[in-house]
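Engineer: Structure provided below as structure tokens; questions to follow.
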Amino acid sequence: MVSDRHNEWVLQELEITNASPIQRQLPSFIEEYHDIHKCLCMGEPQLINQLESTLKDKFPNLTIYKSKDTYLEIMSGNASKSNAIKKLENLYQITNQEIMAIGDNFNDMDMLKYAGLGVAMGNAPEEVKKIADEVTLSNNEDGLKHILQKYFE
């Protein structure tokens with residue numbers, strides 16, 4: 001759902017996803033009692049950083065993170081990759097120490113911190129690399145293949 005289908009950010013996302021957005025105003029959409037599972041805000045990096053800081057201060061119970069420098073994702077506080085891992089732990093009766101998580105962006109940080117072994121891809125932002133236990137090669141250099149072979153061959 002977008003307010004302007006011709007906005008440059010909307011066109012960019014359309015090109016990536018091939019999904020055709022519905023043009024609506026957010027307040028009227030919410031008034032119709034639609035469930036919203038995620039809100040994606042797109043903008044220049046400095047604007048996204050400012051929005052992230054403001055929203056985290058005002059709404060500490062929400063999950064708010066950048067999925068890249070120009071994208072801010074807002075979800076329920078229960079929605080996180082680490083919570084998804086916890087569900088898998090229960091299902092397979094394992095602990096987080098038996099989990100390897102591999103990620104390449106800000107939205108992977110909670111998962112990388114939670115897993116017994118958090119691996120950042122070489123193309124990840126520096127902030128993501130800093131919290132990881134290990135950094136592998138980039139996506140373009142078969143970093144996933146490299147790290148899996150290191151631990152599982």
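Order determines the names: the first chain of the structure tokens is A, the second B, and so forth; residues in each chain are numbered 1 upward, and ligands are numbered 1 upward as they are shown.
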What lies within 12 Å of Thr54 in chain A using only C-alpha atoms, ignoring chain neighbours under 6 positions off, as a VMD selection string?
Structural biologist: chain A and resid 47 to 48 60 64 72
Engineer: Can you pull out every residue from chain A that DSSP, working from the backbone, puts in alpha helix (DSSP H), and format the result as a PyMOL selection string?
Structural biologist: chain A and resi 8-17+26-31+45-58+81-92+109-114+126-131+143-152
Engineer: May I have the residues within 7 Å of Tyr114 in chain A as a ChimeraX atom specification, using only C-alpha atoms and disregarding those fewer than 2 positions away in the same chain?
Structural biologist: /A:82,96,110-112,116
Engineer: Using only C-alpha atoms, which residue out of A:Lys66, A:Lys81, A:Lys113, A:His146 lies closest to Gln46 in chain A?
Structural biologist: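 Counting only C-alpha atoms, the residue closest to Gln46 in chain A is A:Lys66.
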Engineer: Determine the nearest neighbour of Cys41 in chain A from the options A:Ala84, A:Met75, A:Ile16, A:Val135, counting only C-alpha atoms.
Structural biologist: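 Going through A:Ala84, A:Met75, A:Ile16, A:Val135 one by one, the smallest distance to Cys41 in chain A is for A:Met75.
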Engineer: Ile94 in chain A: which residues within 12 Å, counting only C-alpha atoms, same-chain residues fewer than 5 positions away excluded, as a list of chain:residue names?
Structural biologist: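 In the requested form, the answer reads A:Ile85, A:Lys86, A:Lys87, A:Leu88, A:Glu89, A:Ile99, A:Met100, A:Ala115, A:Gly116.
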Engineer: In Å to one decimal, how far is CA of Leu137 in chain A from CA of Ala124 in chain A?
Structural biologist: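 Atom-to-atom, CA of Ala124 in chain A and CA of Leu137 in chain A are spaced 9.8 Å apart.
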Engineer: Looking at only C-alpha atoms, which of A:Leu40, A:Met121, A:Val10, A:Ile22 is the one that sits closest to Lys145 in chain A?
Structural biologist: A:Met121
Engineer: Would you work out the distance separating CA of Arg24 in chain A from CA of Leu51 in chain A, expressed in Å to one decimal?
Structural biologist: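 Spanning CA of Arg24 in chain A to CA of Leu51 in chain A is a straight-line distance of 21.6 Å.
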Engineer: Might you pull out every residue within 12 Å of Leu11 in chain A, with only C-alpha atoms counted and same-chain residues fewer than 5 positions away left off, and present them as JSON, numbers by chain?
Structural biologist: {"A": [2, 4, 5, 6, 16, 17, 18, 19, 20, 21, 42]}
Engineer: With C-alpha atoms kept, could you save the residues just selected as a compact mmCIF listing (two decimals), in the first residue's frame?
Structural biologist:
# COMPACT_ATOMS: atom_id res chain seq x y z
CA VAL A 2 1.48 3.34 -1.07
CA ASP A 4 1.91 7.66 -4.60
CA ARG A 5 2.55 4.90 -7.15
CA HIS A 6 4.92 7.17 -9.08
CA ILE A 16 12.97 -5.29 -7.36
CA THR A 17 9.83 -7.19 -6.38
CA ASN A 18 7.60 -7.05 -9.47
CA ALA A 19 4.70 -6.52 -7.04
CA SER A 20 2.10 -3.94 -7.98
CA PRO A 21 1.32 -1.70 -4.98
CA MET A 42 12.12 4.24 2.13
Engineer: What are the DSSP strand (DSSP E) residues of range 13-143 of chain A, as a list in words?
Structural biologist: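 Here are the strand (DSSP E) residues of range 13-143 of chain A: Cys39, Leu40, Cys41, Met42, Thr63, Ile64, Tyr65, Lys66, Ser67, Lys68, Tyr71, Leu72, Glu73, Ile74, Met75, Met100, Ala101, Ile102, Gly103, Leu117, Gly118, Val119, Ala120, Glu134 and Val135 of chain A.
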Engineer: May I have the selected residues written with C-alpha atoms, as a compact mmCIF listing (two decimals), in the first residue's frame?
Structural biologist:
# COMPACT_ATOMS: atom_id res chain seq x y z
CA CYS A 39 5.69 -1.26 7.29
CA LEU A 40 8.59 -0.41 4.97
CA CYS A 41 9.77 3.20 4.92
CA MET A 42 12.12 4.24 2.13
CA THR A 63 10.90 -4.34 16.05
CA ILE A 64 12.50 -1.56 14.02
CA TYR A 65 15.59 -2.00 11.87
CA LYS A 66 17.22 -0.93 8.64
CA SER A 67 17.28 -3.62 5.98
CA LYS A 68 19.64 -1.36 4.04
CA TYR A 71 15.01 1.10 4.02
CA LEU A 72 13.50 1.02 7.50
CA GLU A 73 11.26 -1.90 8.46
CA ILE A 74 8.73 -1.67 11.30
CA MET A 75 6.99 -4.74 12.73
CA MET A 100 24.94 -21.08 12.77
CA ALA A 101 23.28 -17.94 11.42
CA ILE A 102 24.55 -16.23 8.30
CA GLY A 103 23.48 -12.74 7.27
CA LEU A 117 27.98 -18.85 15.61
CA GLY A 118 26.99 -15.63 13.84
CA VAL A 119 28.58 -15.18 10.42
CA ALA A 120 28.46 -11.94 8.44
CA GLU A 134 33.15 -14.46 11.97
CA VAL A 135 33.11 -12.79 8.55
Engineer: CA of Gln50 in chain A and CA of Glu126 in chain A are how many Å apart?
Structural biologist: 19.3 Å
Engineer: Out of A:Gln23, A:Asn90, A:Asn105, A:Asn140, which residue has the shortest atom-to-atom distance to Asp69 in chain A when counting only C-alpha atoms?
Structural biologist: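 Distance minimum relative to Asp69 in chain A lands on A:Asn105.
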Engineer: Please list as JSON, numbers by chain every residue within 7 Å of Asn123 in chain A, counting only C-alpha atoms and excluding residues in the same chain fewer than 5 positions away.
Structural biologist: {"A": [104, 138, 139]}
